[in-house]
file start23.csv (CSV, C-alpha atoms and all ligand atoms)
chain,number,residue,atom,x,y,z
A,1,MET,CA,15.2,21.8,-13.6
A,2,SER,CA,14.5,19.2,-11.1
A,3,ARG,CA,11.9,18.6,-8.4
A,4,ILE,CA,13.3,16.3,-5.8
A,5,ILE,CA,11.4,14.4,-3.1
A,6,THR,CA,13.6,12.4,-0.8
A,7,VAL,CA,11.4,9.5,0.1
A,8,GLY,CA,11.9,6.8,2.7
A,9,ALA,CA,10.4,3.4,2.6
A,10,ALA,CA,10.0,2.4,6.3
A,11,GLN,CA,9.7,-1.4,6.2
A,12,LEU,CA,8.4,-3.0,9.3
A,13,GLY,CA,9.3,-6.4,10.7
A,14,PRO,CA,6.5,-8.5,12.2
A,15,ILE,CA,4.0,-7.1,14.7
A,16,GLN,CA,2.8,-9.9,16.9
A,17,LYS,CA,-0.7,-10.1,18.3
A,18,ASP,CA,0.3,-9.1,21.8
A,19,HIS,CA,2.4,-6.0,20.7
A,20,SER,CA,0.7,-2.9,22.0
A,21,ARG,CA,-0.2,0.0,19.7
A,22,GLU,CA,2.1,2.2,21.9
A,23,SER,CA,5.1,0.0,21.2
A,24,VAL,CA,4.4,0.0,17.4
A,25,VAL,CA,4.0,3.8,17.3
A,26,GLN,CA,7.4,4.0,19.0
A,27,ARG,CA,8.9,1.9,16.2
A,28,LEU,CA,7.2,4.2,13.6
A,29,VAL,CA,8.6,7.3,15.3
A,30,SER,CA,12.0,5.8,15.4
A,31,LEU,CA,11.9,5.1,11.7
A,32,LEU,CA,10.6,8.6,11.1
A,33,ARG,CA,13.5,10.0,13.0
A,34,GLN,CA,15.9,7.9,10.9
A,35,GLY,CA,14.1,9.3,7.8
A,36,ALA,CA,14.7,12.8,9.1
A,37,SER,CA,18.4,12.1,9.6
A,38,ALA,CA,18.6,10.8,6.0
A,39,GLY,CA,17.0,14.1,4.7
A,40,CYS,CA,13.6,12.5,3.9
A,41,ASP,CA,10.7,14.8,3.0
A,42,LEU,CA,8.3,11.8,3.3
A,43,VAL,CA,8.4,8.4,5.0
A,44,VAL,CA,6.1,5.6,3.8
A,45,PHE,CA,4.9,2.9,6.2
A,46,PRO,CA,3.2,-0.4,5.3
A,47,GLU,CA,-0.4,-1.6,5.1
A,48,LEU,CA,-2.1,-2.2,8.5
A,49,ALA,CA,1.0,-0.7,10.1
A,50,LEU,CA,-0.4,-0.4,13.6
A,51,THR,CA,-1.3,-4.0,14.3
A,52,THR,CA,-0.6,-7.6,13.3
A,53,PHE,CA,-2.2,-8.7,10.0
A,54,PHE,CA,-5.5,-9.8,11.8
A,55,PRO,CA,-7.4,-11.1,8.7
A,56,ARG,CA,-5.3,-14.2,9.2
A,57,TRP,CA,-7.9,-15.2,11.9
A,58,PHE,CA,-11.6,-15.6,11.4
A,59,VAL,CA,-14.1,-14.6,14.1
A,60,ASP,CA,-17.8,-15.4,14.0
A,61,ASP,CA,-18.8,-12.0,15.4
A,62,ILE,CA,-16.9,-9.3,13.6
A,63,THR,CA,-17.5,-6.8,16.4
A,64,THR,CA,-15.1,-8.9,18.6
A,65,ALA,CA,-12.4,-7.7,16.1
A,66,ASP,CA,-13.3,-4.0,16.6
A,67,HIS,CA,-10.1,-3.5,18.7
A,68,TRP,CA,-8.0,-4.0,15.5
A,69,TYR,CA,-9.6,-0.9,13.9
A,70,GLU,CA,-9.0,2.8,14.4
A,71,ARG,CA,-12.1,5.0,15.0
A,72,GLN,CA,-10.2,8.3,14.8
A,73,MET,CA,-6.9,9.4,13.2
A,74,PRO,CA,-5.0,10.8,14.9
A,75,SER,CA,-6.0,9.2,18.1
A,76,PRO,CA,-4.4,9.6,21.5
A,77,VAL,CA,-2.2,6.5,20.8
A,78,THR,CA,-1.1,7.7,17.3
A,79,GLN,CA,-0.7,11.4,18.2
A,80,PRO,CA,3.0,11.0,19.0
A,81,LEU,CA,3.6,10.1,15.3
A,82,PHE,CA,1.8,13.2,14.1
A,83,ASP,CA,3.7,15.3,16.7
A,84,ALA,CA,7.1,13.8,15.5
A,85,ALA,CA,6.2,14.7,11.9
A,86,ARG,CA,5.5,18.3,12.8
A,87,GLU,CA,8.7,18.5,15.0
A,88,LEU,CA,10.9,16.9,12.3
A,89,GLY,CA,9.2,18.5,9.3
A,90,VAL,CA,8.8,15.1,7.7
A,91,GLY,CA,5.6,13.8,6.2
A,92,PHE,CA,4.4,10.3,6.3
A,93,CYS,CA,2.0,7.8,4.7
A,94,LEU,CA,0.4,5.3,7.1
A,95,GLY,CA,-1.8,2.2,6.6
A,96,TYR,CA,-4.4,1.1,9.1
A,97,ALA,CA,-7.8,-0.5,9.6
A,98,GLU,CA,-10.6,2.1,9.7
A,99,LEU,CA,-14.0,1.7,11.4
A,100,THR,CA,-16.2,4.6,10.5
A,101,ASP,CA,-18.8,6.2,12.8
A,102,ASP,CA,-21.6,4.6,10.7
A,103,GLY,CA,-20.0,1.1,11.0
A,104,HIS,CA,-18.1,0.8,7.7
A,105,ARG,CA,-14.8,-1.1,7.7
A,106,PHE,CA,-12.0,-0.1,5.3
A,107,ASN,CA,-8.3,-0.9,4.7
A,108,THR,CA,-7.1,2.6,4.6
A,109,GLN,CA,-3.9,4.7,4.0
A,110,ILE,CA,-3.4,8.4,4.8
A,111,LEU,CA,-1.0,10.9,3.5
A,112,VAL,CA,0.2,13.4,6.2
A,113,GLU,CA,2.1,16.6,5.4
A,114,LYS,CA,5.2,17.9,7.1
A,115,ASP,CA,3.1,20.0,9.5
A,116,GLY,CA,1.2,16.9,10.7
A,117,SER,CA,-2.0,17.6,8.8
A,118,VAL,CA,-3.8,14.8,6.9
A,119,VAL,CA,-3.9,15.8,3.2
A,120,ALA,CA,-5.4,12.7,1.7
A,121,LYS,CA,-7.1,9.4,2.6
A,122,TYR,CA,-7.2,6.3,0.3
A,123,ARG,CA,-9.3,3.2,0.9
A,124,LYS,CA,-8.3,-0.1,-0.7
A,125,VAL,CA,-10.1,-0.9,-3.9
A,126,HIS,CA,-9.0,-4.5,-4.7
A,127,ILE,CA,-9.8,-6.7,-1.6
A,128,PRO,CA,-8.2,-10.1,-2.0
A,129,GLY,CA,-8.7,-13.4,-0.2
A,130,HIS,CA,-12.0,-14.8,1.0
A,131,GLU,CA,-15.3,-13.8,2.8
A,132,HIS,CA,-16.0,-17.0,4.8
A,133,HIS,CA,-14.0,-19.2,7.2
A,134,GLU,CA,-11.9,-21.8,5.3
A,135,PRO,CA,-10.9,-24.2,8.1
A,136,ASP,CA,-8.6,-26.3,5.8
A,137,ARG,CA,-6.2,-23.4,5.3
A,138,PRO,CA,-3.1,-23.2,7.5
A,139,PHE,CA,-4.0,-19.5,8.0
A,140,GLN,CA,-6.9,-17.4,6.8
A,141,HIS,CA,-6.7,-14.4,4.4
A,142,ALA,CA,-10.2,-13.1,5.2
A,143,GLU,CA,-9.8,-9.5,4.0
A,144,ARG,CA,-13.1,-9.8,2.2
A,145,TYR,CA,-14.8,-10.4,5.5
A,146,TYR,CA,-13.1,-7.6,7.4
A,147,PHE,CA,-13.0,-4.9,4.7
A,148,GLU,CA,-15.5,-3.5,2.2
A,149,PRO,CA,-14.0,-2.4,-1.2
A,150,SER,CA,-13.8,1.4,-1.7
A,151,MET,CA,-16.2,2.9,-4.2
A,152,GLU,CA,-14.1,6.1,-4.2
A,153,GLY,CA,-11.5,4.8,-6.5
A,154,PHE,CA,-7.9,6.1,-7.0
A,155,GLY,CA,-7.1,9.7,-6.2
A,156,VAL,CA,-4.0,11.8,-7.0
A,157,TRP,CA,-3.2,14.7,-4.7
A,158,LYS,CA,-1.0,17.7,-5.1
A,159,ALA,CA,1.5,17.4,-2.2
A,160,PHE,CA,5.2,17.5,-1.5
A,161,GLY,CA,5.7,19.5,-4.7
A,162,GLY,CA,4.3,16.8,-7.0
A,163,ARG,CA,1.3,14.7,-7.8
A,164,ILE,CA,1.0,11.8,-5.3
A,165,GLY,CA,-1.2,8.8,-5.5
A,166,MET,CA,-1.8,5.8,-3.2
A,167,MET,CA,-2.6,2.2,-3.5
A,168,ILE,CA,-2.6,-0.7,-1.0
A,169,CYS,CA,-1.0,-4.1,-1.4
A,170,ASN,CA,-3.2,-6.2,-3.8
A,171,ASP,CA,-4.0,-3.0,-5.7
A,172,ARG,CA,-0.4,-3.1,-7.0
A,173,ARG,CA,-1.1,-6.3,-9.0
A,174,TRP,CA,-3.7,-4.7,-11.2
A,175,PRO,CA,-2.6,-2.5,-14.2
A,176,GLU,CA,-5.9,-0.5,-13.9
A,177,THR,CA,-4.7,0.9,-10.6
A,178,TYR,CA,-1.6,2.5,-12.1
A,179,ARG,CA,-3.4,3.6,-15.3
A,180,VAL,CA,-6.2,5.4,-13.5
A,181,MET,CA,-3.7,7.4,-11.6
A,182,GLY,CA,-1.5,7.7,-14.7
A,183,LEU,CA,-4.4,9.4,-16.4
A,184,LYS,CA,-4.4,11.9,-13.5
A,185,GLY,CA,-0.8,12.7,-14.0
A,186,VAL,CA,0.6,10.8,-11.0
A,187,GLU,CA,4.3,11.2,-10.3
A,188,MET,CA,4.7,9.1,-7.2
A,189,ILE,CA,2.6,6.2,-6.0
A,190,LEU,CA,2.8,5.1,-2.4
A,191,CYS,CA,1.9,1.5,-1.5
A,192,GLY,CA,2.0,-0.5,1.7
A,193,TYR,CA,1.8,-4.3,1.6
A,194,ASN,CA,1.5,-7.5,3.7
A,195,THR,CA,2.2,-10.4,1.4
A,196,PRO,CA,2.4,-13.9,2.9
A,197,ILE,CA,5.0,-16.0,1.1
A,198,HIS,CA,2.7,-19.0,1.1
A,199,TYR,CA,-0.1,-18.6,-1.4
A,200,VAL,CA,-2.6,-21.2,-0.2
A,201,PRO,CA,-4.7,-21.5,-3.5
A,202,ASP,CA,-1.6,-22.2,-5.5
A,203,PRO,CA,1.6,-22.9,-3.6
A,204,SER,CA,3.6,-23.1,-6.9
A,205,GLN,CA,3.6,-19.3,-6.7
A,206,ASP,CA,5.4,-19.2,-3.3
A,207,ILE,CA,8.9,-19.0,-4.7
A,208,LEU,CA,7.8,-16.3,-7.2
A,209,GLN,CA,6.4,-13.9,-4.6
A,210,GLY,CA,9.5,-11.6,-4.7
A,211,PHE,CA,9.6,-11.8,-8.5
A,212,HIS,CA,5.9,-10.9,-8.9
A,213,ASN,CA,6.2,-8.1,-6.3
A,214,ALA,CA,9.0,-6.4,-8.4
A,215,LEU,CA,7.4,-7.3,-11.7
A,216,VAL,CA,4.1,-5.5,-11.0
A,217,MET,CA,5.6,-2.4,-9.4
A,218,GLN,CA,8.4,-2.0,-12.0
A,219,SER,CA,6.0,-2.4,-14.9
A,220,GLY,CA,3.4,-0.1,-13.4
A,221,ALA,CA,6.1,2.6,-12.8
A,222,TYR,CA,7.4,2.3,-16.4
A,223,GLN,CA,4.1,2.1,-18.2
A,224,ASN,CA,2.9,5.2,-16.5
A,225,GLY,CA,6.1,7.2,-16.1
A,226,THR,CA,5.8,7.4,-12.3
A,227,TRP,CA,7.8,6.7,-9.2
A,228,VAL,CA,6.5,3.8,-7.1
A,229,VAL,CA,7.3,3.3,-3.4
A,230,GLY,CA,6.4,-0.2,-2.2
A,231,VAL,CA,6.7,-0.9,1.6
A,232,ALA,CA,6.3,-4.2,3.3
A,233,LYS,CA,5.5,-5.5,6.7
A,234,GLY,CA,7.7,-8.6,6.4
A,235,GLY,CA,9.1,-11.5,8.4
A,236,VAL,CA,7.4,-14.2,10.5
A,237,GLU,CA,4.3,-12.7,12.1
A,238,GLU,CA,2.3,-15.1,14.3
A,239,GLY,CA,3.9,-18.0,12.4
A,240,VAL,CA,3.2,-16.7,8.9
A,241,ASP,CA,6.2,-15.6,6.8
A,242,SER,CA,5.7,-12.5,4.8
A,243,LEU,CA,7.7,-10.9,2.0
A,244,GLY,CA,10.1,-8.0,2.7
A,245,GLN,CA,11.8,-6.6,-0.4
A,246,SER,CA,10.4,-3.1,0.0
A,247,MET,CA,11.6,-1.0,-2.9
A,248,ILE,CA,11.7,2.4,-4.6
A,249,VAL,CA,11.1,2.2,-8.3
A,250,ALA,CA,12.0,4.9,-10.8
A,251,PRO,CA,9.8,5.9,-13.8
A,252,SER,CA,12.2,4.0,-16.0
A,253,GLY,CA,11.1,0.8,-14.1
A,254,GLN,CA,14.5,0.5,-12.4
A,255,ILE,CA,14.8,-0.3,-8.7
A,256,VAL,CA,16.8,2.4,-7.1
A,257,ALA,CA,16.7,1.1,-3.5
A,258,GLN,CA,15.6,-2.2,-2.0
A,259,ALA,CA,15.4,-3.5,1.6
A,260,LEU,CA,17.8,-6.3,2.5
A,261,THR,CA,16.2,-7.6,5.7
A,262,THR,CA,12.6,-8.6,6.7
A,263,ASP,CA,12.9,-6.3,9.8
A,264,ASP,CA,12.3,-2.7,10.6
A,265,GLU,CA,14.5,-1.1,8.0
A,266,LEU,CA,14.6,2.3,6.3
A,267,ILE,CA,15.6,2.7,2.7
A,268,PHE,CA,15.5,6.0,0.9
A,269,ALA,CA,16.1,7.6,-2.4
A,270,LYS,CA,16.2,11.1,-3.9
A,271,CYS,CA,13.4,11.0,-6.4
A,272,ASP,CA,13.4,13.6,-9.2
A,273,LEU,CA,9.7,14.0,-10.2
A,274,ASP,CA,10.8,15.6,-13.5
A,275,TRP,CA,12.2,12.2,-14.5
A,276,CYS,CA,8.5,11.2,-15.0
A,277,ALA,CA,8.2,13.6,-18.0
A,278,ARG,CA,10.7,11.7,-20.0
A,279,TYR,CA,8.3,8.7,-20.1
A,280,LYS,CA,5.0,10.6,-20.0
A,281,GLY,CA,6.2,12.8,-22.9
A,282,THR,CA,7.7,10.1,-25.2
A,283,LEU,CA,6.8,6.4,-25.4
A,284,PHE,CA,3.9,6.8,-22.9
A,285,ASP,CA,2.5,10.1,-24.3
A,286,PHE,CA,-1.0,9.0,-23.5
A,287,ASP,CA,-2.8,11.7,-25.4
A,288,ARG,CA,-0.9,10.9,-28.6
A,289,TYR,CA,-0.7,7.1,-28.5
A,290,ARG,CA,-3.5,5.6,-26.3
A,291,ARG,CA,-6.5,4.1,-28.1
A,292,PRO,CA,-9.4,4.3,-25.5
A,293,GLU,CA,-11.9,3.7,-28.3
A,294,VAL,CA,-10.8,0.1,-28.4
A,295,TYR,CA,-10.4,-0.4,-24.6
A,296,GLY,CA,-14.2,-0.5,-23.8
A,297,ASN,CA,-14.2,-4.0,-22.3
A,298,ILE,CA,-11.9,-2.8,-19.5
A,299,THR,CA,-14.7,-0.8,-17.8
A,300,ALA,CA,-17.7,-2.5,-19.4
A,301,GLN,CA,-17.1,-6.0,-18.0
A,302,ARG,CA,-15.5,-7.6,-15.0
A,303,GLY,CA,-14.6,-11.2,-15.9
A,304,VAL,CA,-13.7,-12.9,-19.2
A,305,ILE,CA,-16.5,-13.3,-21.8
A,306,LEU,CA,-15.7,-15.9,-24.4
A,307,ASP,CA,-17.0,-15.5,-27.9
B,1,LIG,N1,-2.7,-7.7,1.9
B,1,LIG,C1,-2.8,-8.1,0.6
B,1,LIG,O1,-3.5,-7.6,-0.2
B,1,LIG,N2,-2.1,-9.2,0.3
B,1,LIG,C2,-2.2,-10.0,-0.9
B,1,LIG,C3,-1.9,-11.4,-0.6
B,1,LIG,C4,-2.4,-12.3,-1.7
B,1,LIG,S1,-4.0,-12.6,-1.8
B,1,LIG,C5,-4.3,-13.8,-0.6
B,1,LIG,C6,-1.3,-9.5,-2.0
B,1,LIG,O2,-1.7,-9.2,-3.1
B,1,LIG,O3,-0.1,-9.3,-1.7
call {"tool": "encode", "arguments": {"input": "start23.csv", "output": "structure tokens"}}
result
Amino acid sequence: MSRIITVGAAQLGPIQKDHSRESVVQRLVSLLRQGASAGCDLVVFPELALTTFFPRWFVDDITTADHWYERQMPSPVTQPLFDAARELGVGFCLGYAELTDDGHRFNTQILVEKDGSVVAKYRKVHIPGHEHHEPDRPFQHAERYYFEPSMEGFGVWKAFGGRIGMMICNDRRWPETYRVMGLKGVEMILCGYNTPIHYVPDPSQDILQGFHNALVMQSGAYQNGTWVVGVAKGGVEEGVDSLGQSMIVAPSGQIVAQALTTDDELIFAKCDLDWCARYKGTLFDFDRYRRPEVYGNITAQRGVILD
């Protein structure tokens, strides 16, 4: 038996500050149409896929940044994407900045079914970067100023014939992200990212960005017996070069498709969800082999405690 999801990773090239939402939505619809032609059931877009990566700039009054956030989804501007999904019978996953009615700001990703209905919303748990203006940096990474961390944690939803989870960018570097979803039986994790090549706190990591990106997603996939779909917004955006290398990773940890450019580019793969059982039922048979009784520190403490 096999349960196949044909999934597309719709990498985006840069979105500059002056690019309109309308023009970006057109790019997304074009990628969704390419996905439909390739037989995709589901197309995954990057983190903050509607705008430039605005946390690279600091503003003293956060309300002057409100225009980067979505107050409703769908909205009149994003409706064409939902209409295209329904017309084509292709679902999608979309990252955007969310401003709630009661003033909360989240880095959010939604999962939309083939009929254009929203089936799940995930808000980023691990918020990287800094809270305050750091004027000595060549560019800011002020996500901790612009977004609050989700208290809802990681969900897994029954959709597209399988168990689908979501994570956003920095979440992919933390093994707990995958394991919490692994414990809910996840079979495919969808992840959008914006990863500047230059890591200001330690530039020695710059040449390793691609390696680390693959390392975390391949190990997370293998150790939890799940597909992982990682999708970049890459290229030079407002002078900041960001990683491409979007990829689809099998439960074996093998990369089955990878983007070659740092531009708008669709890659896709036929993903057999039943492949997950080979790992979940053998080496990573959690119920048989895990030892939660000795893992207490993982949830009891945040940082290192030296004896
Ligand atoms: N968007 C995002 O989470 N980016 C981070 C950059 C490194 S932290 C400054 C990432 O983990 O890729």
call {"tool": "residues_near_ligand", "arguments": {"input": "start23.csv", "ligand": "ligand LIG 1 (chain B)", "cutoff": "9 Å", "atoms": "only C-alpha atoms and all ligand atoms", "output": "ChimeraX atom specification"}}
result
/A:47-48,53,55,124,126-130,140-143,168-173,192-201,209,213,243
call {"tool": "write_last_selection", "arguments": {"input": "start23.csv", "atoms": "C-alpha atoms", "output": "PDB file, in the frame of the given file"}}
result
ATOM      1  CA  GLU A  47      -0.400  -1.600   5.100  1.00  0.00           C
ATOM      2  CA  LEU A  48      -2.100  -2.200   8.500  1.00  0.00           C
ATOM      3  CA  PHE A  53      -2.200  -8.700  10.000  1.00  0.00           C
ATOM      4  CA  PRO A  55      -7.400 -11.100   8.700  1.00  0.00           C
ATOM      5  CA  LYS A 124      -8.300  -0.100  -0.700  1.00  0.00           C
ATOM      6  CA  HIS A 126      -9.000  -4.500  -4.700  1.00  0.00           C
ATOM      7  CA  ILE A 127      -9.800  -6.700  -1.600  1.00  0.00           C
ATOM      8  CA  PRO A 128      -8.200 -10.100  -2.000  1.00  0.00           C
ATOM      9  CA  GLY A 129      -8.700 -13.400  -0.200  1.00  0.00           C
ATOM     10  CA  HIS A 130     -12.000 -14.800   1.000  1.00  0.00           C
ATOM     11  CA  GLN A 140      -6.900 -17.400   6.800  1.00  0.00           C
ATOM     12  CA  HIS A 141      -6.700 -14.400   4.400  1.00  0.00           C
ATOM     13  CA  ALA A 142     -10.200 -13.100   5.200  1.00  0.00           C
ATOM     14  CA  GLU A 143      -9.800  -9.500   4.000  1.00  0.00           C
ATOM     15  CA  ILE A 168      -2.600  -0.700  -1.000  1.00  0.00           C
ATOM     16  CA  CYS A 169      -1.000  -4.100  -1.400  1.00  0.00           C
ATOM     17  CA  ASN A 170      -3.200  -6.200  -3.800  1.00  0.00           C
ATOM     18  CA  ASP A 171      -4.000  -3.000  -5.700  1.00  0.00           C
ATOM     19  CA  ARG A 172      -0.400  -3.100  -7.000  1.00  0.00           C
ATOM     20  CA  ARG A 173      -1.100  -6.300  -9.000  1.00  0.00           C
ATOM     21  CA  GLY A 192       2.000  -0.500   1.700  1.00  0.00           C
ATOM     22  CA  TYR A 193       1.800  -4.300   1.600  1.00  0.00           C
ATOM     23  CA  ASN A 194       1.500  -7.500   3.700  1.00  0.00           C
ATOM     24  CA  THR A 195       2.200 -10.400   1.400  1.00  0.00           C
ATOM     25  CA  PRO A 196       2.400 -13.900   2.900  1.00  0.00           C
ATOM     26  CA  ILE A 197       5.000 -16.000   1.100  1.00  0.00           C
ATOM     27  CA  HIS A 198       2.700 -19.000   1.100  1.00  0.00           C
ATOM     28  CA  TYR A 199      -0.100 -18.600  -1.400  1.00  0.00           C
ATOM     29  CA  VAL A 200      -2.600 -21.200  -0.200  1.00  0.00           C
ATOM     30  CA  PRO A 201      -4.700 -21.500  -3.500  1.00  0.00           C
ATOM     31  CA  GLN A 209       6.400 -13.900  -4.600  1.00  0.00           C
ATOM     32  CA  ASN A 213       6.200  -8.100  -6.300  1.00  0.00           C
ATOM     33  CA  LEU A 243       7.700 -10.900   2.000  1.00  0.00           C
TER      34      LEU A 243
END
call {"tool": "closest_residue", "arguments": {"input": "start23.csv", "among": "A:Pro135, A:Val7, A:Tyr146, A:Pro80", "to": "Phe106 (chain A)", "atoms": "only C-alpha atoms"}}
result
A:Tyr146
call {"tool": "atom_distance", "arguments": {"input": "start23.csv", "atom1": "CA of Leu94 (chain A)", "atom2": "CA of Cys191 (chain A)"}}
result
9.5 Å
call {"tool": "residues_around", "arguments": {"input": "start23.csv", "residues": "region 214-229 of chain A", "least_positions_apart": "4", "cutoff": "8 Å", "atoms": "only C-alpha atoms", "output": "short mmCIF file (atom, residue, chain, number, x, y, z; two decimals) with C-alpha atoms, in the coordinates of the input"}}
result
data_model
loop_
_atom_site.label_atom_id
_atom_site.label_comp_id
_atom_site.auth_asym_id
_atom_site.auth_seq_id
_atom_site.Cartn_x
_atom_site.Cartn_y
_atom_site.Cartn_z
CA ALA A 9 10.40 3.40 2.60
CA VAL A 44 6.10 5.60 3.80
CA ARG A 172 -0.40 -3.10 -7.00
CA ARG A 173 -1.10 -6.30 -9.00
CA TRP A 174 -3.70 -4.70 -11.20
CA PRO A 175 -2.60 -2.50 -14.20
CA TYR A 178 -1.60 2.50 -12.10
CA ARG A 179 -3.40 3.60 -15.30
CA GLY A 182 -1.50 7.70 -14.70
CA VAL A 186 0.60 10.80 -11.00
CA GLU A 187 4.30 11.20 -10.30
CA MET A 188 4.70 9.10 -7.20
CA ILE A 189 2.60 6.20 -6.00
CA LEU A 190 2.80 5.10 -2.40
CA CYS A 191 1.90 1.50 -1.50
CA GLY A 210 9.50 -11.60 -4.70
CA SER A 246 10.40 -3.10 0.00
CA MET A 247 11.60 -1.00 -2.90
CA ILE A 248 11.70 2.40 -4.60
CA VAL A 249 11.10 2.20 -8.30
CA ALA A 250 12.00 4.90 -10.80
CA PRO A 251 9.80 5.90 -13.80
CA SER A 252 12.20 4.00 -16.00
CA GLY A 253 11.10 0.80 -14.10
CA GLN A 254 14.50 0.50 -12.40
CA ILE A 255 14.80 -0.30 -8.70
CA CYS A 271 13.40 11.00 -6.40
CA LEU A 273 9.70 14.00 -10.20
CA CYS A 276 8.50 11.20 -15.00
CA ALA A 277 8.20 13.60 -18.00
CA ARG A 278 10.70 11.70 -20.00
CA TYR A 279 8.30 8.70 -20.10
CA LYS A 280 5.00 10.60 -20.00
CA PHE A 284 3.90 6.80 -22.90
#
call {"tool": "atom_distance", "arguments": {"input": "start23.csv", "atom1": "CA of Ile5 (chain A)", "atom2": "CA of Thr261 (chain A)"}}
result
24.2 Å
call {"tool": "atom_distance", "arguments": {"input": "start23.csv", "atom1": "CA of Ala49 (chain A)", "atom2": "CA of Val119 (chain A)"}}
result
18.5 Å
call {"tool": "residues_around", "arguments": {"input": "start23.csv", "residues": "region 99-101 of chain A", "least_positions_apart": "5", "cutoff": "9 Å", "atoms": "all atoms listed in the file", "output": "list in words"}}
result
Asp66, Tyr69, Glu70, Arg71, Gln72 and Phe106 of chain A
call {"tool": "residues_around", "arguments": {"input": "start23.csv", "residues": "region 31-40 of chain A", "least_positions_apart": "6", "cutoff": "12 Å", "atoms": "all atoms listed in the file", "output": "MDAnalysis selection string"}}
result
chainID A and resid 4:13 24:25 80:94 114 160 263:271
call {"tool": "closest_residue", "arguments": {"input": "start23.csv", "among": "A:Ile207, A:Val77, A:Val231, A:Leu260", "to": "Val43 (chain A)", "atoms": "only C-alpha atoms"}}
result
A:Val231
call {"tool": "closest_residue", "arguments": {"input": "start23.csv", "among": "A:Glu176, A:Leu50, A:Glu98, A:Arg163", "to": "Val125 (chain A)", "atoms": "all atoms listed in the file"}}
result
A:Glu176
call {"tool": "residues_around", "arguments": {"input": "start23.csv", "residues": "Asp18 (chain A)", "least_positions_apart": "6", "cutoff": "10 Å", "atoms": "all atoms listed in the file", "output": "list of chain:residue names"}}
result
A:Thr51, A:Thr52, A:Glu238
call {"tool": "build_atoms", "arguments": {"input": "start23.csv", "residues": "region 171-175 of chain A", "atoms": "all heavy atoms", "output": "mmCIF file, in the coordinates of the input"}}
result
data_model
loop_
_atom_site.group_PDB
_atom_site.id
_atom_site.type_symbol
_atom_site.label_atom_id
_atom_site.label_comp_id
_atom_site.auth_asym_id
_atom_site.auth_seq_id
_atom_site.Cartn_x
_atom_site.Cartn_y
_atom_site.Cartn_z
ATOM 1 N N ASP A 171 -3.793 -4.016 -4.657
ATOM 2 C CA ASP A 171 -4.000 -3.000 -5.700
ATOM 3 C C ASP A 171 -2.813 -3.026 -6.709
ATOM 4 O O ASP A 171 -2.987 -2.726 -7.897
ATOM 5 C CB ASP A 171 -4.130 -1.616 -5.170
ATOM 6 C CG ASP A 171 -5.433 -1.343 -4.435
ATOM 7 O OD1 ASP A 171 -6.478 -1.888 -4.823
ATOM 8 O OD2 ASP A 171 -5.390 -0.547 -3.469
ATOM 9 N N ARG A 172 -1.599 -3.300 -6.167
ATOM 10 C CA ARG A 172 -0.400 -3.100 -7.000
ATOM 11 C C ARG A 172 -0.310 -4.203 -8.091
ATOM 12 O O ARG A 172 0.494 -4.084 -9.005
ATOM 13 C CB ARG A 172 0.869 -3.164 -6.139
ATOM 14 C CG ARG A 172 1.320 -4.534 -5.629
ATOM 15 C CD ARG A 172 2.328 -4.343 -4.518
ATOM 16 N NE ARG A 172 3.042 -5.512 -4.050
ATOM 17 C CZ ARG A 172 2.533 -6.486 -3.301
ATOM 18 N NH1 ARG A 172 1.253 -6.503 -2.984
ATOM 19 N NH2 ARG A 172 3.310 -7.472 -2.872
ATOM 20 N N ARG A 173 -1.119 -5.250 -7.984
ATOM 21 C CA ARG A 173 -1.100 -6.300 -9.000
ATOM 22 C C ARG A 173 -1.933 -6.036 -10.208
ATOM 23 O O ARG A 173 -1.928 -6.798 -11.172
ATOM 24 C CB ARG A 173 -1.506 -7.647 -8.353
ATOM 25 C CG ARG A 173 -0.643 -8.049 -7.161
ATOM 26 C CD ARG A 173 -0.986 -9.435 -6.665
ATOM 27 N NE ARG A 173 -0.389 -9.698 -5.365
ATOM 28 C CZ ARG A 173 0.846 -10.183 -5.168
ATOM 29 N NH1 ARG A 173 1.605 -10.488 -6.197
ATOM 30 N NH2 ARG A 173 1.305 -10.383 -3.949
ATOM 31 N N TRP A 174 -2.736 -4.959 -10.152
ATOM 32 C CA TRP A 174 -3.700 -4.700 -11.200
ATOM 33 C C TRP A 174 -3.296 -3.481 -12.033
ATOM 34 O O TRP A 174 -3.156 -2.370 -11.495
ATOM 35 C CB TRP A 174 -5.099 -4.411 -10.557
ATOM 36 C CG TRP A 174 -5.583 -5.593 -9.780
ATOM 37 C CD1 TRP A 174 -5.379 -5.836 -8.445
ATOM 38 C CD2 TRP A 174 -6.277 -6.730 -10.290
ATOM 39 N NE1 TRP A 174 -5.920 -7.046 -8.095
ATOM 40 C CE2 TRP A 174 -6.488 -7.615 -9.217
ATOM 41 C CE3 TRP A 174 -6.765 -7.070 -11.551
ATOM 42 C CZ2 TRP A 174 -7.139 -8.831 -9.362
ATOM 43 C CZ3 TRP A 174 -7.423 -8.281 -11.695
ATOM 44 C CH2 TRP A 174 -7.608 -9.141 -10.615
ATOM 45 N N PRO A 175 -3.104 -3.655 -13.339
ATOM 46 C CA PRO A 175 -2.600 -2.500 -14.200
ATOM 47 C C PRO A 175 -3.564 -1.339 -14.163
ATOM 48 O O PRO A 175 -3.133 -0.195 -14.308
ATOM 49 C CB PRO A 175 -2.497 -3.132 -15.567
ATOM 50 C CG PRO A 175 -3.162 -4.450 -15.535
ATOM 51 C CD PRO A 175 -3.240 -4.898 -14.103
#
